[in-house]
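entry.txt (compact mmCIF, C-alpha atoms) appears below.
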```
# COMPACT_ATOMS: atom_id res chain seq x y z
CA MET A 13 -168.63 -91.96 -106.56
CA SER A 14 -170.55 -89.63 -108.82
CA VAL A 15 -173.83 -87.79 -108.54
CA GLU A 16 -176.69 -88.96 -110.68
CA PRO A 17 -177.58 -85.59 -112.21
CA ASP A 18 -180.59 -86.69 -114.24
CA GLU A 19 -182.99 -87.11 -111.35
CA PRO A 20 -185.69 -84.47 -110.87
CA ALA A 21 -184.42 -81.52 -108.90
CA VAL A 22 -187.00 -81.62 -106.13
CA ALA A 23 -184.90 -81.81 -102.97
CA PRO A 24 -185.34 -78.96 -100.47
CA PHE A 25 -182.65 -76.35 -100.81
CA LYS A 26 -181.64 -72.73 -100.32
CA ARG A 27 -179.10 -70.63 -102.19
CA ARG A 28 -175.36 -70.84 -101.62
CA SER A 29 -173.06 -72.97 -99.58
CA PHE A 30 -170.32 -75.42 -99.74
CA LEU A 31 -171.86 -77.30 -96.84
CA ALA A 32 -174.79 -78.29 -99.01
CA SER A 33 -176.76 -81.19 -97.71
CA ALA A 34 -174.08 -83.83 -97.42
CA ALA A 35 -174.12 -87.06 -95.48
CA LEU A 36 -171.28 -86.79 -92.99
CA ALA A 37 -168.96 -89.56 -92.01
CA ALA A 38 -165.71 -88.79 -90.22
CA GLY A 39 -162.56 -86.74 -89.61
CA ALA A 40 -160.63 -85.34 -86.63
CA PRO A 41 -161.61 -82.31 -84.57
CA ALA A 42 -158.16 -81.21 -83.49
CA ALA A 43 -156.44 -81.94 -86.79
CA VAL A 44 -158.84 -82.47 -89.65
CA ALA A 45 -158.39 -85.76 -91.47
CA GLY A 46 -157.31 -85.43 -95.06
CA THR A 47 -155.58 -82.10 -94.50
CA ALA A 48 -152.00 -81.04 -94.76
CA GLN A 49 -151.44 -81.52 -91.03
CA SER A 50 -153.82 -84.33 -90.18
CA ALA A 51 -153.02 -86.37 -87.10
CA GLN A 52 -154.52 -89.10 -84.98
CA ALA A 53 -156.93 -87.40 -82.61
CA ALA A 54 -157.92 -88.72 -79.21
CA PRO A 55 -161.58 -89.69 -78.76
CA LEU A 56 -163.82 -86.95 -77.42
CA ALA A 57 -164.84 -87.37 -73.83
CA GLY A 58 -168.35 -88.69 -73.60
CA ALA A 59 -168.40 -90.21 -77.08
CA PRO A 60 -169.26 -93.91 -77.33
CA ALA A 61 -166.34 -96.16 -78.28
CA ALA A 62 -167.82 -97.08 -81.68
CA ALA A 63 -168.27 -93.42 -82.60
CA ALA A 64 -164.77 -92.63 -81.38
CA ARG A 65 -163.42 -94.88 -84.12
CA LEU A 66 -165.19 -92.72 -86.66
CA GLY A 67 -164.14 -89.25 -87.68
CA SER A 68 -164.72 -85.83 -86.31
CA VAL A 69 -168.33 -85.06 -87.15
CA ALA A 70 -169.59 -88.51 -86.24
CA ARG A 71 -167.65 -88.39 -82.95
CA LEU A 72 -168.83 -84.89 -82.17
CA MET A 73 -172.46 -85.79 -82.78
CA ALA A 74 -172.08 -88.93 -80.65
CA VAL A 75 -171.30 -86.85 -77.57
CA PRO A 76 -174.46 -86.58 -75.40
CA GLU A 77 -176.09 -83.18 -75.68
CA ASP A 78 -175.67 -82.45 -71.98
CA ALA A 79 -171.89 -82.96 -72.36
CA ARG A 80 -171.47 -80.52 -75.23
CA GLY A 81 -169.75 -77.53 -73.69
CA VAL A 82 -167.48 -74.78 -74.98
CA ALA A 83 -164.68 -77.23 -75.78
CA TRP A 84 -167.11 -79.26 -77.91
CA LEU A 85 -168.19 -76.12 -79.76
CA ARG A 86 -164.59 -75.15 -80.47
CA SER A 87 -163.85 -78.60 -81.90
CA ALA A 88 -166.98 -78.53 -84.03
CA LEU A 89 -166.26 -75.08 -85.43
CA GLN A 90 -162.66 -76.01 -86.30
CA VAL A 91 -164.01 -78.94 -88.30
CA ALA A 92 -166.27 -76.48 -90.11
CA VAL A 93 -163.25 -74.29 -90.94
CA GLY A 94 -161.69 -77.17 -92.85
CA LEU A 95 -164.94 -78.01 -94.59
CA GLU A 96 -165.56 -74.44 -95.71
CA LEU A 97 -162.04 -74.03 -97.02
CA ALA A 98 -162.01 -77.28 -98.96
CA THR A 99 -164.13 -76.27 -101.95
CA ILE A 100 -162.44 -72.98 -102.76
CA PRO A 101 -159.40 -74.37 -104.70
CA PRO A 102 -161.37 -76.69 -107.01
CA TYR A 103 -163.95 -74.00 -107.68
CA LEU A 104 -161.21 -71.48 -108.42
CA CYS A 105 -159.64 -73.88 -110.93
CA GLY A 106 -162.97 -74.28 -112.69
CA TRP A 107 -163.51 -70.53 -112.74
CA TRP A 108 -160.03 -69.58 -113.96
CA SER A 109 -160.14 -72.16 -116.74
CA VAL A 110 -163.06 -70.35 -118.41
CA LYS A 111 -161.61 -68.15 -121.14
CA ASP A 112 -164.43 -65.59 -121.23
CA GLN A 113 -164.72 -64.31 -117.69
CA ARG A 114 -167.81 -62.32 -118.71
CA SER A 115 -169.71 -65.50 -119.58
CA GLU A 116 -172.68 -66.61 -117.52
CA VAL A 117 -170.87 -69.73 -116.32
CA ALA A 118 -167.83 -67.74 -115.15
CA ARG A 119 -170.08 -65.32 -113.26
CA MET A 120 -171.94 -68.20 -111.60
CA ILE A 121 -168.76 -69.88 -110.38
CA ARG A 122 -167.27 -66.58 -109.22
CA ARG A 123 -170.37 -65.91 -107.12
CA ILE A 124 -170.09 -69.32 -105.49
CA VAL A 125 -166.41 -68.76 -104.66
CA GLY A 126 -167.42 -65.53 -102.92
CA ASP A 127 -170.12 -67.39 -101.01
CA GLU A 128 -167.60 -69.90 -99.75
CA MET A 129 -165.24 -67.20 -98.53
CA TYR A 130 -168.14 -65.57 -96.69
CA HIS A 131 -169.11 -68.80 -94.96
CA LEU A 132 -165.50 -69.40 -93.95
CA GLY A 133 -165.52 -65.95 -92.36
CA ILE A 134 -168.73 -66.70 -90.46
CA VAL A 135 -167.32 -69.91 -88.99
CA CYS A 136 -164.05 -68.20 -88.00
CA ASN A 137 -165.91 -65.37 -86.25
CA LEU A 138 -168.05 -67.88 -84.36
CA LEU A 139 -164.96 -69.74 -83.21
CA VAL A 140 -163.19 -66.57 -82.06
CA ALA A 141 -166.33 -65.42 -80.25
CA ILE A 142 -166.01 -68.36 -77.83
CA GLY A 143 -162.30 -68.03 -77.24
CA GLY A 144 -161.02 -70.27 -80.03
CA ARG A 145 -158.49 -69.51 -82.73
CA PRO A 146 -159.15 -70.78 -86.26
CA GLN A 147 -156.38 -72.92 -87.72
CA VAL A 148 -156.95 -72.19 -91.40
CA LYS A 149 -153.62 -73.17 -92.90
CA ALA A 150 -153.46 -76.35 -90.83
CA ALA A 151 -156.85 -77.31 -92.28
CA ALA A 152 -155.78 -76.82 -95.93
CA PRO A 153 -156.69 -80.01 -97.82
CA VAL A 154 -154.37 -82.04 -100.03
CA TYR A 155 -155.64 -82.70 -103.56
CA PRO A 156 -156.69 -85.11 -104.91
CA GLY A 157 -158.37 -86.67 -101.93
CA PRO A 158 -161.50 -86.83 -99.78
CA LEU A 159 -163.20 -83.85 -98.25
CA PRO A 160 -161.90 -82.97 -94.77
CA GLY A 161 -163.70 -84.53 -91.88
CA GLY A 162 -164.98 -87.46 -93.92
CA VAL A 163 -167.84 -85.50 -95.48
CA ARG A 164 -169.35 -87.26 -98.49
CA ALA A 165 -167.27 -90.41 -98.14
CA GLY A 166 -166.47 -91.76 -101.59
CA VAL A 167 -166.20 -88.40 -103.32
CA ASN A 168 -162.70 -87.75 -104.66
CA VAL A 169 -162.03 -84.02 -104.87
CA TYR A 170 -159.45 -83.18 -107.51
CA LEU A 171 -158.22 -80.04 -109.25
CA SER A 172 -159.00 -79.63 -112.93
CA GLY A 173 -160.19 -77.27 -115.57
CA LEU A 174 -163.93 -77.08 -116.15
CA THR A 175 -165.35 -80.16 -117.88
CA LYS A 176 -168.75 -81.81 -117.74
CA SER A 177 -167.31 -84.66 -115.67
CA PHE A 178 -165.59 -82.23 -113.26
CA VAL A 179 -168.88 -80.38 -112.76
CA ARG A 180 -170.71 -83.64 -112.09
CA ASP A 181 -168.16 -85.60 -110.07
CA VAL A 182 -166.63 -82.80 -108.00
CA MET A 183 -168.79 -79.66 -107.94
CA MET A 184 -172.21 -81.31 -107.92
CA ALA A 185 -170.97 -84.20 -105.77
CA ILE A 186 -169.76 -81.81 -103.05
CA GLU A 187 -172.99 -79.81 -103.06
CA ALA A 188 -175.50 -82.63 -103.61
CA PRO A 189 -178.71 -82.29 -101.56
CA GLU A 190 -179.18 -85.13 -99.14
CA GLU A 191 -182.58 -86.13 -100.44
CA SER A 192 -180.97 -87.14 -103.75
CA LEU A 193 -178.40 -89.36 -102.07
CA VAL A 194 -178.58 -92.95 -100.92
CA ARG A 195 -177.65 -92.96 -97.25
CA SER A 196 -175.07 -95.51 -96.17
CA ALA A 197 -176.04 -98.46 -94.03
CA GLN A 198 -174.12 -96.85 -91.17
CA ALA A 199 -176.22 -93.73 -90.80
CA SER A 200 -174.24 -90.55 -90.25
CA PRO A 201 -175.41 -87.06 -89.29
CA THR A 202 -176.17 -84.57 -92.03
CA VAL A 203 -174.58 -81.15 -92.23
CA GLY A 204 -177.91 -79.66 -91.20
CA GLU A 205 -177.96 -81.89 -88.11
CA PHE A 206 -174.35 -80.96 -87.37
CA TYR A 207 -175.13 -77.25 -87.43
CA GLU A 208 -178.35 -77.79 -85.52
CA GLY A 209 -176.27 -79.58 -82.89
CA MET A 210 -173.95 -76.59 -82.67
CA LEU A 211 -176.88 -74.19 -82.43
CA ASN A 212 -178.50 -76.25 -79.67
CA ALA A 213 -175.18 -76.32 -77.80
CA PHE A 214 -174.90 -72.53 -78.05
CA ARG A 215 -178.45 -72.23 -76.71
CA ALA A 216 -177.81 -74.63 -73.82
CA VAL A 217 -174.37 -73.37 -72.81
CA ARG A 218 -174.99 -69.69 -73.61
CA PRO A 219 -171.23 -69.00 -73.63
CA GLU A 220 -169.92 -65.52 -73.17
CA LEU A 221 -169.35 -64.04 -76.62
CA SER A 222 -166.41 -61.72 -77.16
CA THR A 223 -166.03 -59.50 -80.20
CA ARG A 224 -162.30 -59.18 -79.60
CA GLY A 225 -160.47 -60.73 -82.52
CA GLN A 226 -163.54 -61.03 -84.71
CA VAL A 227 -163.37 -59.53 -88.19
CA SER A 228 -165.65 -57.19 -90.13
CA GLN A 229 -165.20 -57.23 -93.88
CA ARG A 230 -167.22 -56.95 -97.05
CA ILE A 231 -166.78 -60.16 -99.03
CA ASP A 232 -168.22 -59.72 -102.51
CA SER A 233 -171.97 -59.12 -102.02
CA ASP A 234 -171.99 -60.13 -98.35
CA GLU A 235 -171.04 -58.24 -95.20
CA LEU A 236 -169.17 -60.21 -92.56
CA ARG A 237 -170.09 -58.87 -89.11
CA PRO A 238 -169.03 -59.71 -85.55
CA VAL A 239 -171.10 -62.12 -83.49
CA ARG A 240 -172.30 -60.24 -80.39
CA THR A 241 -175.39 -62.03 -79.10
CA LEU A 242 -177.07 -65.42 -79.19
CA ASP A 243 -179.43 -63.95 -81.77
CA ASP A 244 -176.40 -63.27 -83.96
CA VAL A 245 -175.25 -66.86 -83.49
CA GLU A 246 -178.66 -68.16 -84.48
CA HIS A 247 -178.76 -65.89 -87.52
CA ASP A 248 -175.31 -66.89 -88.75
CA ILE A 249 -175.86 -70.61 -88.30
CA GLU A 250 -179.23 -70.39 -90.00
CA VAL A 251 -177.58 -68.54 -92.90
CA ILE A 252 -175.21 -71.46 -93.40
CA ARG A 253 -177.95 -74.05 -92.95
CA GLU A 254 -180.41 -72.36 -95.27
CA GLN A 255 -177.87 -71.47 -97.91
CA GLY A 256 -176.52 -75.00 -97.75
CA GLU A 257 -178.90 -77.75 -96.75
CA GLY A 258 -181.96 -75.54 -96.91
CA THR A 259 -185.32 -76.27 -95.36
CA ALA A 260 -188.25 -78.47 -96.23
CA SER A 261 -189.82 -75.56 -98.09
CA SER A 262 -190.59 -75.14 -101.77
CA PRO A 263 -187.66 -74.75 -104.17
CA ASN A 264 -189.18 -71.36 -104.97
CA ASP A 265 -187.88 -70.11 -101.63
CA SER A 266 -184.30 -70.88 -102.54
CA PHE A 267 -183.95 -68.50 -105.43
CA SER A 268 -182.80 -65.42 -103.55
CA HIS A 269 -181.61 -62.63 -105.85
CA ASP A 270 -182.24 -64.97 -108.82
CA ALA A 271 -179.31 -67.12 -107.71
CA PRO A 272 -179.96 -70.86 -107.27
CA ALA A 273 -178.31 -72.95 -104.59
CA HIS A 274 -174.85 -74.15 -105.56
CA TYR A 275 -175.87 -77.67 -106.53
CA TYR A 276 -178.53 -76.39 -108.89
CA ALA A 277 -176.26 -73.69 -110.33
CA PHE A 278 -173.70 -76.39 -111.13
CA GLY A 279 -176.56 -78.52 -112.48
CA GLU A 280 -177.42 -75.75 -114.92
CA ILE A 281 -173.82 -75.76 -116.15
CA TYR A 282 -173.86 -79.55 -116.48
CA HIS A 283 -177.21 -79.82 -118.23
CA GLY A 284 -176.77 -76.65 -120.28
CA ARG A 285 -180.19 -75.35 -119.27
CA GLU A 286 -181.61 -73.22 -116.49
CA LEU A 287 -183.72 -74.93 -113.83
CA ARG A 288 -187.45 -74.38 -114.20
CA GLN A 289 -190.58 -75.66 -112.48
CA THR A 290 -192.83 -77.75 -114.71
CA ASP A 291 -195.96 -79.82 -114.22
CA GLU A 292 -193.68 -82.80 -113.60
CA GLY A 293 -191.51 -80.97 -111.05
CA TRP A 294 -188.25 -79.07 -111.35
CA ARG A 295 -186.38 -79.74 -114.58
CA TYR A 296 -183.42 -78.28 -116.45
CA VAL A 297 -185.58 -77.09 -119.34
CA GLY A 298 -185.11 -73.31 -119.17
CA PRO A 299 -183.07 -71.03 -121.41
CA PRO A 300 -179.72 -72.42 -122.60
CA VAL A 301 -176.61 -72.12 -120.45
CA PRO A 302 -173.85 -72.56 -123.03
CA PHE A 303 -170.82 -74.51 -121.84
CA PRO A 304 -167.92 -72.08 -122.18
CA GLU A 305 -164.65 -72.41 -124.04
CA VAL A 306 -162.07 -73.44 -121.46
CA ARG A 307 -158.36 -73.86 -120.98
CA PRO A 308 -157.77 -77.65 -120.92
CA MET A 309 -156.17 -77.96 -117.48
CA ALA A 310 -155.58 -81.65 -116.82
CA PRO A 311 -156.38 -83.14 -113.39
CA VAL A 312 -153.49 -82.60 -110.99
CA PRO A 313 -151.96 -85.99 -110.12
CA VAL A 314 -151.21 -87.24 -106.62
CA GLY A 315 -148.21 -85.35 -105.28
CA GLY A 316 -148.39 -82.65 -107.94
CA TRP A 317 -146.85 -82.36 -111.39
CA PRO A 318 -143.84 -84.66 -111.87
CA ARG A 319 -140.75 -83.71 -113.87
CA ALA A 320 -141.88 -80.16 -114.57
CA SER A 321 -139.48 -77.91 -116.48
CA VAL A 322 -137.53 -75.21 -114.67
CA HIS A 323 -139.92 -72.56 -115.98
CA VAL A 324 -143.07 -74.45 -115.00
CA GLY A 325 -141.56 -75.31 -111.62
CA GLY A 326 -140.93 -71.64 -111.02
CA VAL A 327 -144.53 -70.71 -111.83
CA LEU A 328 -145.84 -73.52 -109.64
CA TYR A 329 -143.68 -72.32 -106.75
CA ARG A 330 -144.79 -68.71 -107.27
CA PHE A 331 -148.43 -69.78 -107.14
CA ASP A 332 -147.95 -71.97 -104.07
CA ALA A 333 -146.06 -69.18 -102.29
CA MET A 334 -148.92 -66.75 -102.97
CA TYR A 335 -151.52 -69.32 -101.92
CA SER A 336 -149.60 -69.91 -98.70
CA THR A 337 -149.56 -66.16 -98.10
CA VAL A 338 -153.35 -66.17 -98.45
CA LEU A 339 -153.64 -68.89 -95.81
CA ASP A 340 -151.19 -67.11 -93.51
CA SER A 341 -153.19 -63.89 -93.91
CA LEU A 342 -156.39 -65.70 -92.96
CA ASP A 343 -154.72 -67.11 -89.86
CA ASP A 344 -153.38 -63.65 -89.02
CA ALA A 345 -156.79 -62.04 -89.54
CA TRP A 346 -158.34 -64.04 -86.67
CA ALA A 347 -155.21 -63.78 -84.53
CA GLY A 348 -155.42 -60.01 -84.12
CA GLY A 349 -154.71 -58.76 -87.63
CA GLY A 350 -158.37 -58.04 -88.28
CA HIS A 351 -159.82 -56.71 -91.49
CA ARG A 352 -156.44 -55.50 -92.76
CA SER A 353 -155.00 -59.01 -92.76
CA LEU A 354 -158.19 -60.42 -94.24
CA GLY A 355 -158.22 -57.72 -96.90
CA ALA A 356 -154.58 -58.48 -97.69
CA GLY A 357 -155.42 -62.16 -98.04
CA ILE A 358 -158.32 -61.44 -100.38
CA HIS A 359 -156.11 -59.12 -102.44
CA THR A 360 -153.40 -61.79 -102.74
CA MET A 361 -156.04 -64.36 -103.63
CA ARG A 362 -157.09 -62.25 -106.61
CA GLY A 363 -153.46 -62.22 -107.74
CA LEU A 364 -153.43 -66.02 -107.93
CA GLU A 365 -155.26 -65.86 -111.25
CA ASP A 366 -152.23 -64.69 -113.28
CA PRO A 367 -149.88 -67.62 -112.49
CA ALA A 368 -152.84 -70.02 -112.62
CA VAL A 369 -153.75 -68.93 -116.15
CA GLU A 370 -150.09 -69.06 -117.21
CA LEU A 371 -149.99 -72.68 -116.06
CA MET A 372 -153.29 -73.44 -117.75
CA GLU A 373 -151.88 -72.15 -121.03
CA THR A 374 -148.71 -74.26 -120.80
CA PRO A 375 -149.11 -77.67 -122.51
CA LEU A 376 -148.09 -80.84 -120.70
CA PRO A 377 -145.16 -82.76 -122.24
CA ASP A 378 -147.56 -85.36 -123.65
CA ARG A 379 -149.81 -82.55 -124.99
CA ARG A 380 -152.82 -84.09 -123.22
CA GLY A 381 -154.03 -80.90 -121.66
CA THR A 382 -152.19 -78.21 -119.76
CA TYR A 383 -150.72 -77.64 -116.33
CA GLY A 384 -152.64 -75.99 -113.53
CA PRO A 385 -152.12 -74.91 -109.91
CA GLN A 386 -151.43 -77.57 -107.29
CA PHE A 387 -152.48 -75.56 -104.20
CA HIS A 388 -149.62 -76.81 -102.05
CA ALA A 389 -149.41 -75.04 -98.70
CA LEU A 390 -145.80 -74.05 -97.99
CA PRO A 391 -144.34 -73.36 -94.53
CA ARG A 392 -144.56 -69.77 -93.36
CA PRO A 393 -141.29 -67.93 -94.08
CA LYS A 394 -139.16 -67.32 -91.02
CA ARG A 395 -138.91 -63.71 -89.96
```
Whole structure given in C-alpha cells:
Amino acid sequence: MSVEPDEPAVAPFKRRSFLASAALAAGAPAAVAGTAQSAQAAPLAGAPAAAARLGSVARLMAVPEDARGVAWLRSALQVAVGLELATIPPYLCGWWSVKDQRSEVARMIRRIVGDEMYHLGIVCNLLVAIGGRPQVKAAAPVYPGPLPGGVRAGVNVYLSGLTKSFVRDVMMAIEAPEESLVRSAQASPTVGEFYEGMLNAFRAVRPELSTRGQVSQRIDSDELRPVRTLDDVEHDIEVIREQGEGTASSPNDSFSHDAPAHYYAFGEIYHGRELRQTDEGWRYVGPPVPFPEVRPMAPVPVGGWPRASVHVGGVLYRFDAMYSTVLDSLDDAWAGGGHRSLGAGIHTMRGLEDPAVELMETPLPDRRGTYGPQFHALPRPKR
C-alpha cells in the first residue's frame, strides 16, 4: 500500500514523531508481532474474544477501562517500544545514502532520526517508572516486513537508499496523518487513541512512579528527563501525541522551530518543494527542496543479501555486530546502566555509518545498485 502524496496537506498535525497518526491494527504485547522474537501471546484478561484474535494494540484497547491496571500499562508501553524502534533503521539508510551530508535533505532526515531516539527514550522511562523493564532488542523488527504491532497494516517497511518511491511508500506511509487515510471496514484505534488510553489509565490508576532505573540524557536537541509525577507523565505522553498525531488545530501550530512534522518533511523531499499555506490550503509550492545525489543502495531482500563475497560478508557482519551492541546498550541503559550505557549506545550508533557507507559503495554482482546494511540483531556475546 502506498500513500497518495498529491492530496492537499490539510490534516491536523504537530512536529516530529514516528507514531504519526496511523490506523492501528494488531500485534502482541508480550512479544511484538513482526519482530525478531515474536511469539503467540495469550489474550489479555478482560478483552473480548474477537479482539483477542487481533494484535496487541487492538487487544489492549478492547480491555474495559476499569480493568486497565499497571499490568495493562506495562504491556502497552512495551508495544510502544517496538513501534518507536521500528522506523530508525529505514530512516538511517535513507540518511546515510545521501552523499552530501550538509544538504537540506540530509539535515531533515538526521533531525527525524534524533526525534525517534528521543521518543524511544520517553517510552522506556515511562515503562521503568511503573516497574517494567523495556525489551528493546527483543522488539527489533525484521526487514522487509510490516510495522510491529500491526500498525498501518498493508505497509511494507523495507531498507533502501533514498529514492522518491522509498520516501513515498515507506517514510510517508509510516508517518501518514490519519485524516488522509481511508479507514478499514474493521475500525481500529488510532495512535492518538492508544496514547490517550494510556494517559487515562495513568490518571485512573495513579501508580507509584519510581525514578530508579530511569535515564537522563541529551539526545540531539532534546533532553530526556526522568518521570517523577503524573504531571510528567501527562507532559511526556502529550509530547508524543502532539509531535505525532497532533491536534485538531491549525497546521500553523505544528511548525515548531521551523521544523514540520515528519510526514510533511518527507513530503517536501518527495515533492521537491517546501510546504506553504495558500488560498486553496496547504500545498508544496514553496522554495525548492532539491533531491540529493545518493548512493544507489538496492532494497534489502528477504533474509538479507544472498551469496555475498567474503569481503562483503565481513562488512555485513561488522555492521550487524555493532547494531546488536547498540541494542544491547539500550537494554542495559534501562536495566541499571543509566546514561553511560545509553551514551555508549548512541556513540556506537554513530559508528554504524562507516560500514554502512562502505556497503552502499560496493556494487551488487548484477550492478543493479549497491549493497546496504541488513540490520540483523545478533545474539549477545557470552561473557
Using Å and a single decimal, report how far atom CA of A:Val110 sits from atom CA of A:Trp294.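 It comes out at 27.6 Å.
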Given all atoms listed in the file as the basis, pick out the residue of A:Asp344, A:Arg114, A:Tyr282, A:Thr382 nearest to A:Val312. A:Thr382
Which residues, written as an NGL selection string, have at least one atom at most 10 Å from A:Gly316, with only C-alpha atoms counted and residues fewer than 5 positions away on the same chain left out? :A and (154-156 or 311 or 328 or 384-388)
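With atom CA of A:Pro146 on one side and atom CA of A:Asp343 on the other, the separation reads 6.8 Å.
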Nearest-residue call for A:Asp127, choices A:Phe214, A:Arg80, A:Val93, A:Ser233, using all atoms listed in the file: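 With all atoms listed in the file as the atom set, the closest residue is A:Ser233.
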Per-residue nearest contacts of stretch 100-188 of chain A to stretch 85-91 of chain A (8 Å; all atoms listed in the file) as a Markdown table:
```
| residue | atom | partner | partner_atom | distance |
| --- | --- | --- | --- | --- |
| A:Val135 | CA | A:Leu89 | CA | 6.4 |
| A:Cys136 | CA | A:Leu89 | CA | 7.7 |
| A:Leu138 | CA | A:Leu89 | CA | 7.5 |
| A:Leu139 | CA | A:Leu89 | CA | 5.9 |
| A:Ile142 | CA | A:Arg86 | CA | 7.4 |
| A:Gly144 | CA | A:Arg86 | CA | 6.1 |
| A:Pro146 | CA | A:Gln90 | CA | 6.3 |
| A:Gln147 | CA | A:Gln90 | CA | 7.1 |
| A:Pro160 | CA | A:Val91 | CA | 7.9 |
| A:Gly161 | CA | A:Val91 | CA | 6.6 |
```
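Residue nearest A:Asp243, chosen from A:Ile231, A:Val82, A:Ala271, A:Leu221 and counting all atoms listed in the file: A:Leu221.
Candidate residues A:Trp84, A:Phe303, A:Tyr296, A:Tyr275 were compared for distance to A:Leu174, and the nearest is A:Phe303, using all atoms listed in the file.
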Which residues, written as a VMD selection string, have at least one atom at most 12 Å from stretch 363-369 of chain A, with only C-alpha atoms counted and residues fewer than 4 positions away on the same chain left out? chain A and resid 101 104 to 111 113 171 to 173 306 to 309 323 to 338 356 to 359 373 to 375 382 to 387
Can you tell me how far atom CA of A:Val125 sits from atom CA of A:Ile100, in Å to one decimal? 6.1 Å
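Closest approach to A:Asp232 among A:Gly355, A:Pro318, A:Gly209, A:Gly162: A:Gly355, based on all atoms listed in the file.
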Within 7 Å of (-169.2, -63.2, -82.4), in the coordinates the file gives, what residues turn up when you count all atoms listed in the file, written out as a list in words? Asn137, Leu138, Val140, Ala141, Leu221, Ser222, Thr223, Gln226, Pro238, Val239 and Arg240 of chain A
